[in-house]
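Chemist: For reference, the file target_16.pdb (PDB, C-alpha atoms) is included below:
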ATOM      1  CA  MET A 541       6.587 -99.992 -29.700
ATOM      2  CA  ALA A 542       2.802 -99.805 -29.860
ATOM      3  CA  SER A 543       1.675 -98.819 -26.396
ATOM      4  CA  VAL A 544      -2.083 -98.328 -26.353
ATOM      5  CA  GLY A 545      -4.182-100.648 -24.193
ATOM      6  CA  GLN A 546      -4.029-102.262 -20.780
ATOM      7  CA  VAL A 547      -3.237-105.669 -19.283
ATOM      8  CA  PRO A 548      -4.506-107.044 -15.958
ATOM      9  CA  GLN A 549      -1.694-107.281 -13.426
ATOM     10  CA  GLU A 550      -2.294-111.001 -12.801
ATOM     11  CA  LYS A 551      -1.829-111.719 -16.526
ATOM     12  CA  VAL A 552       1.574-110.038 -16.339
ATOM     13  CA  TRP A 553       2.545-112.260 -13.398
ATOM     14  CA  ASP A 554       1.338-115.315 -15.380
ATOM     15  CA  MET A 555       3.478-114.246 -18.329
ATOM     16  CA  LEU A 556       6.522-113.847 -16.087
ATOM     17  CA  ASN A 557       5.923-117.296 -14.590
ATOM     18  CA  GLY A 558       5.830-118.756 -18.086
ATOM     19  CA  CYS A 559       8.605-116.754 -19.761
ATOM     20  CA  ALA A 560      11.019-115.646 -17.034
ATOM     21  CA  PRO A 561      11.556-118.644 -14.748
ATOM     22  CA  GLY A 562      13.015-117.622 -11.408
ATOM     23  CA  TRP A 563      11.814-114.020 -11.639
ATOM     24  CA  THR A 564      11.385-112.227  -8.359
ATOM     25  CA  CYS A 565       9.477-109.177  -7.278
ATOM     26  CA  LYS A 566       9.813-106.782  -4.386
ATOM     27  CA  GLU A 567       7.169-104.232  -3.552
ATOM     28  CA  THR A 568       8.724-100.843  -2.768
ATOM     29  CA  GLU A 569       6.961 -97.731  -1.550
ATOM     30  CA  HIS A 570       6.332 -96.515  -5.096
ATOM     31  CA  ALA A 571       6.420 -99.507  -7.447
ATOM     32  CA  PHE A 572       7.167-103.175  -8.007
ATOM     33  CA  LYS A 573      10.838-103.940  -8.487
ATOM     34  CA  ILE A 574      10.987-106.908 -10.862
ATOM     35  CA  MET A 575      14.208-108.882 -11.190
ATOM     36  CA  TRP A 576      15.272-111.589 -13.608
ATOM     37  CA  GLU A 577      18.708-112.940 -14.442
ATOM     38  CA  ARG A 578      20.760-110.081 -12.985
ATOM     39  CA  ARG A 579      18.576-107.408 -14.523
ATOM     40  CA  THR A 580      16.191-105.179 -12.617
ATOM     41  CA  TYR A 581      13.139-103.196 -13.644
ATOM     42  CA  PRO A 582      12.497-100.976 -10.611
ATOM     43  CA  SER A 583       9.425 -98.995 -11.689
ATOM     44  CA  PHE A 584       6.619-101.378 -12.611
ATOM     45  CA  PRO A 585       3.304 -99.708 -11.633
ATOM     46  CA  LYS A 586       1.249-101.106  -8.773
ATOM     47  CA  HIS A 587      -2.029-100.721 -10.658
ATOM     48  CA  LYS A 588      -4.437-103.630 -11.174
ATOM     49  CA  GLN A 589      -4.648-102.723 -14.874
ATOM     50  CA  VAL A 590      -1.271-101.814 -16.317
ATOM     51  CA  ASP A 591      -0.748 -99.704 -19.450
ATOM     52  CA  ILE A 592       0.820-101.794 -22.198
ATOM     53  CA  GLY A 593       3.759 -99.387 -22.542
ATOM     54  CA  HIS A 594       4.969-100.296 -19.056
ATOM     55  CA  VAL A 595       4.633-104.008 -19.806
ATOM     56  CA  ARG A 596       6.541-103.729 -23.096
ATOM     57  CA  LYS A 597       9.352-101.705 -21.532
ATOM     58  CA  MET A 598       9.684-104.123 -18.618
ATOM     59  CA  ILE A 599       9.878-107.075 -21.031
ATOM     60  CA  ARG A 600      12.507-105.347 -23.150
ATOM     61  CA  HIS A 601      14.508-104.221 -20.179
ATOM     62  CA  LEU A 602      14.631-107.663 -18.606
ATOM     63  CA  GLU A 603      15.353-109.165 -22.052
ATOM     64  CA  ILE A 604      12.576-111.729 -21.791
ATOM     65  CA  PRO A 605      12.079-113.723 -25.031
ATOM     66  CA  LYS A 606       9.522-111.818 -27.113
ATOM     67  CA  GLU A 607       7.879-114.872 -28.724
ATOM     68  CA  CYS A 608       7.028-116.279 -25.311
ATOM     69  CA  THR A 609       5.603-112.999 -24.003
ATOM     70  CA  GLU A 610       3.423-112.591 -27.100
ATOM     71  CA  LYS A 611       2.070-116.087 -26.623
ATOM     72  CA  HIS A 612       0.989-115.261 -23.089
ATOM     73  CA  LEU A 613      -0.139-111.712 -23.861
ATOM     74  CA  PRO A 614      -1.468-111.594 -27.455
ATOM     75  CA  ILE A 615      -2.113-107.845 -27.124
ATOM     76  CA  LEU A 616       1.661-107.411 -27.431
ATOM     77  CA  LYS A 617       1.524-108.612 -31.061
ATOM     78  CA  LYS A 618      -0.294-105.442 -32.145
TER      79      LYS A 618
ATOM     80  CA  MET B1276       3.667 -93.483 -34.754
ATOM     81  CA  ALA B1277       6.645 -91.114 -34.385
ATOM     82  CA  TYR B1278       9.787 -91.422 -32.277
ATOM     83  CA  TYR B1279      11.966 -88.635 -30.907
ATOM     84  CA  PRO B1280      15.414 -88.944 -29.289
ATOM     85  CA  LEU B1281      15.591 -86.642 -26.284
ATOM     86  CA  LEU B1282      18.352 -85.585 -23.893
ATOM     87  CA  PHE B1283      17.445 -84.455 -20.413
ATOM     88  CA  THR B1284      19.072 -83.255 -17.220
ATOM     89  CA  PHE B1285      17.324 -83.564 -13.868
ATOM     90  CA  LEU B1286      18.809 -81.727 -10.899
ATOM     91  CA  ASP B1287      17.477 -82.743  -7.521
ATOM     92  CA  LYS B1288      18.269 -83.870  -4.003
ATOM     93  CA  VAL B1289      17.578 -87.207  -2.339
ATOM     94  CA  GLU B1290      17.384 -87.659   1.391
ATOM     95  CA  GLY B1291      18.706 -90.951   2.730
ATOM     96  CA  LYS B1292      19.749 -92.429   6.047
ATOM     97  CA  GLU B1293      21.790 -89.650   7.709
ATOM     98  CA  TYR B1294      22.758 -87.975   4.421
ATOM     99  CA  LEU B1295      21.536 -85.647   1.712
ATOM    100  CA  ALA B1296      22.593 -86.535  -1.836
ATOM    101  CA  ASP B1297      22.906 -83.981  -4.606
ATOM    102  CA  VAL B1298      21.809 -85.758  -7.794
ATOM    103  CA  LYS B1299      22.387 -84.717 -11.404
ATOM    104  CA  VAL B1300      20.976 -87.088 -13.997
ATOM    105  CA  HIS B1301      22.191 -86.431 -17.552
ATOM    106  CA  GLY B1302      20.102 -89.016 -19.341
ATOM    107  CA  ARG B1303      18.381 -89.814 -22.595
ATOM    108  CA  LEU B1304      14.944 -91.082 -23.429
ATOM    109  CA  LEU B1305      12.935 -92.146 -26.426
ATOM    110  CA  ALA B1306       9.662 -90.256 -26.816
ATOM    111  CA  GLU B1307       6.852 -91.842 -28.801
ATOM    112  CA  GLN B1308       3.609 -90.319 -29.975
ATOM    113  CA  GLU B1309       0.834 -92.748 -30.772
ATOM    114  CA  ASP B1310      -2.737 -91.607 -31.301
ATOM    115  CA  ASP B1311      -3.344 -89.071 -28.537
ATOM    116  CA  VAL B1312      -0.840 -90.501 -26.081
ATOM    117  CA  TRP B1313       2.810 -89.681 -25.501
ATOM    118  CA  TRP B1314       5.158 -92.279 -24.050
ATOM    119  CA  MET B1315       8.634 -91.656 -22.688
ATOM    120  CA  TYR B1316      10.924 -94.694 -22.525
ATOM    121  CA  GLY B1317      14.161 -94.539 -20.580
ATOM    122  CA  VAL B1318      17.404 -95.257 -22.433
ATOM    123  CA  ASN B1319      19.786 -94.173 -19.649
ATOM    124  CA  PRO B1320      18.436 -95.058 -17.213
ATOM    125  CA  GLY B1321      16.599 -97.829 -19.000
ATOM    126  CA  GLY B1322      14.309 -99.192 -16.323
ATOM    127  CA  LEU B1323      11.359 -96.880 -16.589
ATOM    128  CA  ALA B1324       8.549 -95.610 -18.791
ATOM    129  CA  ALA B1325       5.894 -92.928 -18.438
ATOM    130  CA  SER B1326       2.944 -91.625 -20.418
ATOM    131  CA  GLY B1327       0.711 -88.595 -20.703
ATOM    132  CA  LYS B1328      -1.846 -86.903 -22.906
ATOM    133  CA  THR B1329       0.701 -84.270 -23.912
ATOM    134  CA  ARG B1330       4.460 -84.316 -24.361
ATOM    135  CA  ALA B1331       4.906 -82.093 -21.306
ATOM    136  CA  GLU B1332       2.652 -84.295 -19.166
ATOM    137  CA  ALA B1333       4.525 -87.454 -20.152
ATOM    138  CA  TYR B1334       7.854 -85.754 -19.507
ATOM    139  CA  MET B1335       6.810 -84.644 -16.016
ATOM    140  CA  GLU B1336       5.545 -88.159 -15.277
ATOM    141  CA  PHE B1337       8.871 -89.558 -16.482
ATOM    142  CA  ARG B1338      10.751 -87.232 -14.134
ATOM    143  CA  THR B1339       8.483 -88.169 -11.227
ATOM    144  CA  THR B1340       8.911 -91.888 -11.935
ATOM    145  CA  LEU B1341      12.695 -91.548 -12.088
ATOM    146  CA  MET B1342      12.776 -89.689  -8.773
ATOM    147  CA  LYS B1343      10.548 -92.318  -7.163
ATOM    148  CA  VAL B1344      13.057 -94.998  -8.181
ATOM    149  CA  LEU B1345      15.845 -92.979  -6.556
ATOM    150  CA  PHE B1346      13.732 -92.505  -3.424
ATOM    151  CA  ASP B1347      13.123 -96.277  -3.247
ATOM    152  CA  LEU B1348      16.853 -96.914  -3.652
ATOM    153  CA  ALA B1349      17.560 -94.463  -0.817
ATOM    154  CA  THR B1350      15.033 -96.243   1.382
ATOM    155  CA  ASP B1351      16.805 -99.574   0.889
ATOM    156  CA  ALA B1352      20.408 -98.355   0.984
ATOM    157  CA  PRO B1353      22.111 -98.461   4.407
ATOM    158  CA  ASP B1354      24.324 -95.453   3.652
ATOM    159  CA  PHE B1355      25.314 -92.859   1.051
ATOM    160  CA  TYR B1356      27.853 -95.096  -0.696
ATOM    161  CA  ALA B1357      25.378 -97.943  -1.129
ATOM    162  CA  PHE B1358      22.820 -95.486  -2.503
ATOM    163  CA  ARG B1359      25.334 -94.068  -4.974
ATOM    164  CA  ALA B1360      26.351 -97.529  -6.167
ATOM    165  CA  ASP B1361      22.711 -98.612  -6.601
ATOM    166  CA  ALA B1362      21.800 -95.405  -8.437
ATOM    167  CA  ARG B1363      24.752 -95.809 -10.813
ATOM    168  CA  ARG B1364      23.743 -99.410 -11.511
ATOM    169  CA  PHE B1365      20.181 -98.267 -12.223
ATOM    170  CA  PHE B1366      21.426 -95.537 -14.578
ATOM    171  CA  ASP B1367      23.785 -97.823 -16.498
ATOM    172  CA  GLU B1368      21.304-100.664 -17.086
ATOM    173  CA  VAL B1369      20.235-100.207 -20.706
ATOM    174  CA  ASP B1370      18.200-102.378 -23.065
ATOM    175  CA  SER B1371      19.718-102.654 -26.524
ATOM    176  CA  GLU B1372      16.383-102.513 -28.373
ATOM    177  CA  THR B1373      15.411 -99.091 -27.027
ATOM    178  CA  LEU B1374      18.991 -97.879 -27.458
ATOM    179  CA  ASP B1375      18.903 -98.891 -31.143
ATOM    180  CA  GLU B1376      15.556 -97.163 -31.681
ATOM    181  CA  TRP B1377      16.943 -94.024 -30.058
ATOM    182  CA  ALA B1378      19.951 -94.071 -32.419
ATOM    183  CA  VAL B1379      17.698 -94.541 -35.473
ATOM    184  CA  ALA B1380      15.499 -91.644 -34.356
ATOM    185  CA  ARG B1381      18.566 -89.428 -33.929
ATOM    186  CA  GLU B1382      19.641 -90.223 -37.480
ATOM    187  CA  GLN B1383      16.187 -89.209 -38.687
ATOM    188  CA  VAL B1384      16.515 -85.901 -36.836
ATOM    189  CA  ARG B1385      19.927 -85.334 -38.420
ATOM    190  CA  LYS B1386      18.480 -85.993 -41.877
ATOM    191  CA  GLY B1387      15.600 -83.614 -41.185
ATOM    192  CA  GLU B1388      13.010 -86.382 -41.441
ATOM    193  CA  ILE B1389      11.574 -85.675 -38.004
ATOM    194  CA  ASN B1390      11.405 -82.500 -35.995
ATOM    195  CA  LEU B1391       9.982 -81.386 -32.674
ATOM    196  CA  GLU B1392       9.000 -77.757 -33.007
ATOM    197  CA  GLY B1393      10.071 -75.389 -30.289
ATOM    198  CA  MET B1394      12.565 -77.768 -28.771
ATOM    199  CA  ARG B1395      16.285 -77.069 -28.447
ATOM    200  CA  ARG B1396      18.576 -79.224 -30.624
ATOM    201  CA  GLU B1397      21.773 -80.573 -29.125
ATOM    202  CA  THR B1398      24.340 -81.632 -31.687
ATOM    203  CA  ALA B1399      27.424 -81.972 -29.485
ATOM    204  CA  GLU B1400      26.082 -84.579 -27.151
ATOM    205  CA  THR B1401      27.770 -84.562 -23.750
ATOM    206  CA  PRO B1402      28.389 -87.924 -22.097
ATOM    207  CA  ARG B1403      25.344 -89.381 -20.406
ATOM    208  CA  ARG B1404      25.958 -89.921 -16.717
ATOM    209  CA  ILE B1405      24.613 -89.685 -13.203
ATOM    210  CA  GLU B1406      26.521 -87.539 -10.726
ATOM    211  CA  ILE B1407      25.845 -88.050  -7.046
ATOM    212  CA  SER B1408      27.625 -86.159  -4.308
ATOM    213  CA  HIS B1409      27.263 -86.159  -0.557
ATOM    214  CA  LYS B1410      25.939 -82.701   0.260
ATOM    215  CA  GLN B1411      27.735 -81.296   3.276
ATOM    216  CA  THR B1412      27.755 -77.577   2.662
ATOM    217  CA  PHE B1413      24.685 -75.494   1.960
ATOM    218  CA  HIS B1414      24.413 -72.273  -0.048
ATOM    219  CA  PRO B1415      21.633 -70.536  -1.987
ATOM    220  CA  GLU B1416      23.656 -71.228  -5.150
ATOM    221  CA  GLY B1417      22.696 -74.863  -4.680
ATOM    222  CA  ASN B1418      19.106 -74.045  -5.641
ATOM    223  CA  VAL B1419      18.874 -74.853  -9.338
ATOM    224  CA  ILE B1420      16.227 -75.792 -11.867
ATOM    225  CA  ASP B1421      16.472 -78.334 -14.681
ATOM    226  CA  PRO B1422      17.889 -77.194 -18.019
ATOM    227  CA  GLN B1423      15.429 -77.440 -20.909
ATOM    228  CA  VAL B1424      15.031 -80.863 -22.511
ATOM    229  CA  ALA B1425      16.716 -81.129 -25.927
ATOM    230  CA  VAL B1426      16.391 -83.177 -29.110
ATOM    231  CA  ALA B1427      19.538 -85.143 -29.918
ATOM    232  CA  ALA B1428      20.673 -84.129 -33.401
TER     233      ALA B1428
END
I'd like the structure from this file rewritten - as C-alpha coordinates, please.

Modeler:
Amino acid sequence: MASVGQVPQEKVWDMLNGCAPGWTCKETEHAFKIMWERRTYPSFPKHKQVDIGHVRKMIRHLEIPKECTEKHLPILKK
Amino acid sequence: MAYYPLLFTFLDKVEGKEYLADVKVHGRLLAEQEDDVWWMYGVNPGGLAASGKTRAEAYMEFRTTLMKVLFDLATDAPDFYAFRADARRFFDEVDSETLDEWAVAREQVRKGEINLEGMRRETAETPRRIEISHKQTFHPEGNVIDPQVAVAA
(Lines of atoms letter the chains of each structure in order from A and count residues from 1; the text may use other names and numbers.)
(Lines give C-alpha, C1' and ligand atoms only; values in the text may rest on other atoms or scores of the structure.)
Protein backbone atom coordinates (compact mmCIF):
# COMPACT_ATOMS: atom_id res chain seq x y z
CA MET A 1 0.00 0.00 0.00
CA ALA A 2 1.45 3.37 -0.98
CA SER A 3 2.05 5.21 2.26
CA VAL A 4 3.73 8.53 1.57
CA GLY A 5 1.85 11.72 2.44
CA GLN A 6 -0.37 13.05 5.19
CA VAL A 7 -4.07 13.67 5.81
CA PRO A 8 -5.58 16.22 8.22
CA GLN A 9 -7.23 14.48 11.16
CA GLU A 10 -10.59 16.19 10.55
CA LYS A 11 -10.67 14.81 6.99
CA VAL A 12 -10.27 11.31 8.43
CA TRP A 13 -13.23 11.91 10.76
CA ASP A 14 -15.26 13.20 7.78
CA MET A 15 -14.39 10.05 5.83
CA LEU A 16 -15.47 7.85 8.74
CA ASN A 17 -18.75 9.76 9.02
CA GLY A 18 -19.38 9.15 5.33
CA CYS A 19 -18.11 5.57 4.98
CA ALA A 20 -18.42 3.92 8.39
CA PRO A 21 -21.82 4.91 9.80
CA GLY A 22 -22.02 4.33 13.54
CA TRP A 23 -18.25 4.43 14.06
CA THR A 24 -17.10 5.36 17.52
CA CYS A 25 -13.87 6.65 18.94
CA LYS A 26 -12.34 6.61 22.39
CA GLU A 27 -9.29 8.62 23.27
CA THR A 28 -6.82 6.55 25.32
CA GLU A 29 -3.61 7.73 26.92
CA HIS A 30 -1.58 6.90 23.82
CA ALA A 31 -3.90 6.87 20.81
CA PHE A 32 -7.43 6.97 19.42
CA LYS A 33 -9.25 3.67 19.61
CA ILE A 34 -11.56 3.57 16.60
CA MET A 35 -14.38 1.04 16.49
CA TRP A 36 -16.75 0.02 13.72
CA GLU A 37 -18.97 -3.03 13.36
CA ARG A 38 -17.29 -5.20 16.00
CA ARG A 39 -13.80 -4.37 14.82
CA THR A 40 -11.33 -2.18 16.67
CA TYR A 41 -8.29 -0.22 15.56
CA PRO A 42 -6.63 0.72 18.86
CA SER A 43 -3.58 2.69 17.70
CA PHE A 44 -4.67 5.59 15.52
CA PRO A 45 -2.24 8.49 16.13
CA LYS A 46 -3.42 11.62 17.92
CA HIS A 47 -1.61 13.93 15.51
CA LYS A 48 -3.40 16.74 13.65
CA GLN A 49 -1.76 15.56 10.41
CA VAL A 50 -1.75 11.78 10.11
CA ASP A 51 0.65 9.79 7.91
CA ILE A 52 -1.25 8.06 5.13
CA GLY A 53 0.07 4.63 6.17
CA HIS A 54 -1.86 4.83 9.44
CA VAL A 55 -5.02 5.88 7.62
CA ARG A 56 -4.74 3.05 5.08
CA LYS A 57 -4.11 0.43 7.76
CA MET A 58 -7.03 1.65 9.87
CA ILE A 59 -9.34 1.50 6.83
CA ARG A 60 -8.19 -2.01 5.96
CA HIS A 61 -8.40 -3.22 9.51
CA LEU A 62 -11.93 -1.95 10.03
CA GLU A 63 -12.87 -3.28 6.56
CA ILE A 64 -14.37 0.01 5.44
CA PRO A 65 -15.41 -0.02 1.74
CA LYS A 66 -12.40 1.19 -0.25
CA GLU A 67 -14.36 2.99 -3.00
CA CYS A 68 -16.05 5.19 -0.41
CA THR A 69 -12.81 6.04 1.40
CA GLU A 70 -11.11 6.98 -1.88
CA LYS A 71 -13.98 9.27 -2.73
CA HIS A 72 -13.56 11.13 0.54
CA LEU A 73 -9.76 11.00 0.56
CA PRO A 74 -8.50 11.08 -3.06
CA ILE A 75 -4.90 10.80 -1.84
CA LEU A 76 -5.68 7.14 -1.13
CA LYS A 77 -6.02 6.46 -4.88
CA LYS A 78 -2.28 6.96 -5.42
CA MET B 1 7.97 -0.58 -3.54
CA ALA B 2 9.11 -3.81 -1.84
CA TYR B 3 7.37 -5.95 0.77
CA TYR B 4 8.95 -8.25 3.34
CA PRO B 5 7.21 -10.83 5.56
CA LEU B 6 8.69 -10.66 9.05
CA LEU B 7 8.28 -12.73 12.21
CA PHE B 8 8.93 -11.12 15.56
CA THR B 9 8.87 -11.94 19.25
CA PHE B 10 8.50 -9.23 21.87
CA LEU B 11 9.12 -10.15 25.50
CA ASP B 12 7.95 -7.63 28.05
CA LYS B 13 5.95 -6.98 31.19
CA VAL B 14 2.77 -4.97 31.63
CA GLU B 15 1.67 -3.52 34.93
CA GLY B 16 -2.07 -3.46 35.55
CA LYS B 17 -4.43 -3.01 38.47
CA GLU B 18 -2.87 -5.09 41.27
CA TYR B 19 -0.99 -7.43 38.91
CA LEU B 20 2.10 -7.75 36.76
CA ALA B 21 1.64 -9.58 33.46
CA ASP B 22 4.44 -11.38 31.67
CA VAL B 23 3.79 -10.89 27.95
CA LYS B 24 5.28 -12.80 25.02
CA VAL B 25 4.07 -11.69 21.61
CA HIS B 26 4.98 -14.07 18.77
CA GLY B 27 3.63 -12.04 15.88
CA ARG B 28 4.11 -11.26 12.23
CA LEU B 29 4.23 -8.04 10.30
CA LEU B 30 4.51 -6.84 6.74
CA ALA B 31 7.41 -4.46 6.15
CA GLU B 32 7.26 -2.09 3.20
CA GLN B 33 9.97 0.12 1.78
CA GLU B 34 8.79 3.05 -0.29
CA ASP B 35 11.13 5.86 -1.29
CA ASP B 36 13.12 6.60 1.86
CA VAL B 37 10.49 5.44 4.32
CA TRP B 38 9.93 2.07 5.94
CA TRP B 39 6.47 1.04 7.10
CA MET B 40 5.63 -1.88 9.36
CA TYR B 41 2.04 -3.14 9.18
CA GLY B 42 0.74 -5.54 11.79
CA VAL B 43 -0.63 -8.90 10.62
CA ASN B 44 -0.96 -10.50 14.07
CA PRO B 45 -1.82 -8.29 15.77
CA GLY B 46 -3.42 -6.43 12.90
CA GLY B 47 -4.45 -3.16 14.47
CA LEU B 48 -1.29 -1.14 14.19
CA ALA B 49 1.24 0.42 11.85
CA ALA B 50 4.52 2.26 12.32
CA SER B 51 7.09 4.01 10.15
CA GLY B 52 10.67 5.18 10.23
CA LYS B 53 13.51 6.40 8.06
CA THR B 54 15.31 3.08 8.46
CA ARG B 55 14.12 -0.49 8.90
CA ALA B 56 15.42 -0.54 12.48
CA GLU B 57 13.70 2.76 13.32
CA ALA B 58 10.36 1.56 11.95
CA TYR B 59 10.71 -1.73 13.80
CA MET B 60 11.39 0.01 17.12
CA GLU B 61 8.41 2.31 16.52
CA PHE B 62 6.26 -0.74 15.78
CA ARG B 63 7.33 -2.34 19.06
CA THR B 64 6.63 0.87 20.97
CA THR B 65 3.20 1.23 19.36
CA LEU B 66 2.30 -2.37 20.20
CA MET B 67 3.33 -1.91 23.83
CA LYS B 68 1.32 1.31 24.06
CA VAL B 69 -1.78 -0.60 22.94
CA LEU B 70 -1.16 -3.18 25.67
CA PHE B 71 -0.64 -0.40 28.23
CA ASP B 72 -3.96 1.19 27.19
CA LEU B 73 -5.70 -2.18 27.50
CA ALA B 74 -4.23 -2.59 30.99
CA THR B 75 -5.48 0.86 31.95
CA ASP B 76 -9.04 -0.05 30.96
CA ALA B 77 -9.12 -3.63 32.23
CA PRO B 78 -10.45 -4.11 35.78
CA ASP B 79 -8.25 -7.15 36.45
CA PHE B 80 -5.67 -9.53 34.99
CA TYR B 81 -8.22 -11.81 33.32
CA ALA B 82 -9.95 -8.94 31.54
CA PHE B 83 -6.57 -7.66 30.36
CA ARG B 84 -5.60 -11.09 29.04
CA ALA B 85 -8.89 -11.49 27.19
CA ASP B 86 -8.61 -8.01 25.64
CA ALA B 87 -4.98 -8.57 24.62
CA ARG B 88 -5.86 -11.90 22.98
CA ARG B 89 -8.71 -10.25 21.08
CA PHE B 90 -6.34 -7.51 19.91
CA PHE B 91 -3.77 -10.09 18.78
CA ASP B 92 -6.27 -12.24 16.90
CA GLU B 93 -7.96 -9.41 14.97
CA VAL B 94 -6.47 -9.67 11.48
CA ASP B 95 -7.34 -7.97 8.20
CA SER B 96 -7.41 -10.35 5.26
CA GLU B 97 -5.81 -7.90 2.80
CA THR B 98 -2.60 -7.49 4.79
CA LEU B 99 -2.58 -11.21 5.57
CA ASP B 100 -2.75 -12.00 1.83
CA GLU B 101 0.05 -9.55 1.04
CA TRP B 102 2.17 -11.14 3.76
CA ALA B 103 1.61 -14.61 2.25
CA VAL B 104 2.52 -13.36 -1.25
CA ALA B 105 5.70 -11.76 0.10
CA ARG B 106 6.65 -15.01 1.84
CA GLU B 107 6.26 -16.88 -1.44
CA GLN B 108 8.58 -14.36 -3.08
CA VAL B 109 11.16 -14.95 -0.35
CA ARG B 110 10.87 -18.71 -0.87
CA LYS B 111 11.42 -18.28 -4.61
CA GLY B 112 14.43 -16.04 -3.96
CA GLU B 113 12.78 -13.03 -5.59
CA ILE B 114 13.22 -10.84 -2.52
CA ASN B 115 15.81 -10.90 0.21
CA LEU B 116 16.65 -8.86 3.28
CA GLU B 117 20.39 -9.01 3.77
CA GLY B 118 21.69 -9.77 7.21
CA MET B 119 18.37 -10.97 8.53
CA ARG B 120 17.72 -14.46 9.90
CA ARG B 121 15.41 -16.66 7.80
CA GLU B 122 12.82 -18.77 9.55
CA THR B 123 11.50 -21.64 7.47
CA ALA B 124 9.74 -23.69 10.14
CA GLU B 125 7.31 -21.07 11.26
CA THR B 126 6.10 -21.57 14.82
CA PRO B 127 2.46 -20.75 15.56
CA ARG B 128 1.78 -17.07 16.01
CA ARG B 129 0.35 -16.35 19.43
CA ILE B 130 0.31 -14.10 22.46
CA GLU B 131 1.18 -15.65 25.81
CA ILE B 132 0.20 -13.76 28.94
CA SER B 133 0.82 -15.04 32.43
CA HIS B 134 0.19 -13.55 35.84
CA LYS B 135 3.66 -12.99 37.27
CA GLN B 136 3.77 -14.07 40.89
CA THR B 137 7.32 -15.25 41.37
CA PHE B 138 10.39 -13.20 40.60
CA HIS B 139 13.85 -14.40 39.57
CA PRO B 140 16.75 -12.91 37.61
CA GLU B 141 16.08 -15.55 34.94
CA GLY B 142 12.94 -13.58 34.13
CA ASN B 143 15.07 -10.81 32.63
CA VAL B 144 15.13 -11.52 28.91
CA ILE B 145 15.64 -9.63 25.68
CA ASP B 146 13.77 -10.06 22.40
CA PRO B 147 15.02 -12.68 19.94
CA GLN B 148 16.17 -11.26 16.61
CA VAL B 149 13.46 -10.49 14.06
CA ALA B 150 13.33 -13.02 11.20
CA VAL B 151 12.18 -13.17 7.58
CA ALA B 152 9.49 -15.78 7.00
CA ALA B 153 10.74 -18.16 4.31

Chemist: Could you please select, counting only C-alpha atoms, the residues of chain A within 12 Å of chain B and state them as a PyMOL selection string?

Modeler: chain A and resi 541-545+566-575+578-585+590-604+606

Chemist: Can you tell me how far atom CA of B:Ala1428 sits from atom CA of B:Arg1381, in Å to one decimal?

Modeler: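 These two atoms are separated by 5.7 Å.
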
Chemist: Find the smallest box with edges along x, y and z containing every listed atom of stretch 1387-1404 of chain B, then add 4 Å on each side and report centre and edge lengths in Å to one decimal, as JSON.

Modeler:
{"center_x": 18.7, "center_y": -82.7, "center_z": -29.1, "size_x": 27.4, "size_y": 22.5, "size_z": 32.7}

Chemist: Would you kindly return, as a list of chain:residue names, each protein, DNA or RNA residue with an atom no farther than 12 Å from any atom of A:Glu607, considering only C-alpha atoms and excluding same-chain residues fewer than 3 positions away?

Modeler: A:Met555, A:Gly558, A:Cys559, A:Ile599, A:Arg600, A:Glu603, A:Ile604, A:Glu610, A:Lys611, A:His612, A:Leu613, A:Pro614, A:Leu616, A:Lys617

Chemist: From the options B:Ala1349, B:Leu1304, B:Ala1427, B:Val1298, which residue's atoms come nearest to B:Glu1406, counting all atoms listed in the file?

Modeler: B:Val1298

Chemist: I'd like the interatomic distance between atom CA of A:Asn557 and atom CA of A:Cys608, to a tenth of an Å.

Modeler: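 Separating atom CA of A:Asn557 from atom CA of A:Cys608 is a distance of 10.8 Å.
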
Chemist: For a test of reading the model, state the distance in Å between atom CA of B:Glu1293 and atom CA of B:Asn1418, rounded to one decimal.

Modeler: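 Spanning atom CA of B:Glu1293 to atom CA of B:Asn1418 is a straight-line distance of 20.7 Å.
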
Chemist: For B:Ile1389, which residue among B:Leu1295, B:Met1342, B:Val1426, B:Asn1319 is the nearest when counting only C-alpha atoms?

Modeler: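 Answer, going by the shortest atom-to-atom distance: B:Val1426.
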
Chemist: So which residues fall inside 10 Å of (16.8, -83.0, -16.5) if we count all atoms listed in the file? Mind giving them as a list in words?

Modeler: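 Every polymer residue passing the test: Leu1282, Phe1283, Thr1284, Phe1285, Leu1286, Asp1287, Lys1299, Val1300, His1301, Gly1302, Arg1303, Tyr1334, Arg1338, Ile1420, Asp1421, Pro1422, Gln1423, Val1424 and Ala1425 of chain B.
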
Chemist: How would you write, as a VMD selection string, the residues chosen by the PyMOL selection byres ((chain A and resi 589) around 7) on this structure?

Modeler: chain A and resid 546 to 549 587 to 588 590 to 591

Chemist: Between B:Ala1277, B:Ala1362, B:Arg1403, B:Gly1387, single out the one closest to B:Val1289, counting all atoms listed in the file.

Modeler: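 Using all atoms listed in the file, B:Val1289 sits closest to B:Ala1362.
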
Chemist: Measuring between only C-alpha atoms, which one of A:Leu556, A:Lys551, A:Thr609, A:Trp563 shows the shortest distance to A:Trp576?

Modeler: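 Closest residue, counting only C-alpha atoms: A:Trp563.
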
Chemist: Measuring between only C-alpha atoms, which one of B:Pro1353, B:Gly1417, B:Gly1327, B:Pro1320 shows the shortest distance to B:Leu1374?

Modeler: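 Comparing B:Pro1353, B:Gly1417, B:Gly1327, B:Pro1320 against B:Leu1374, the winner is B:Pro1320.
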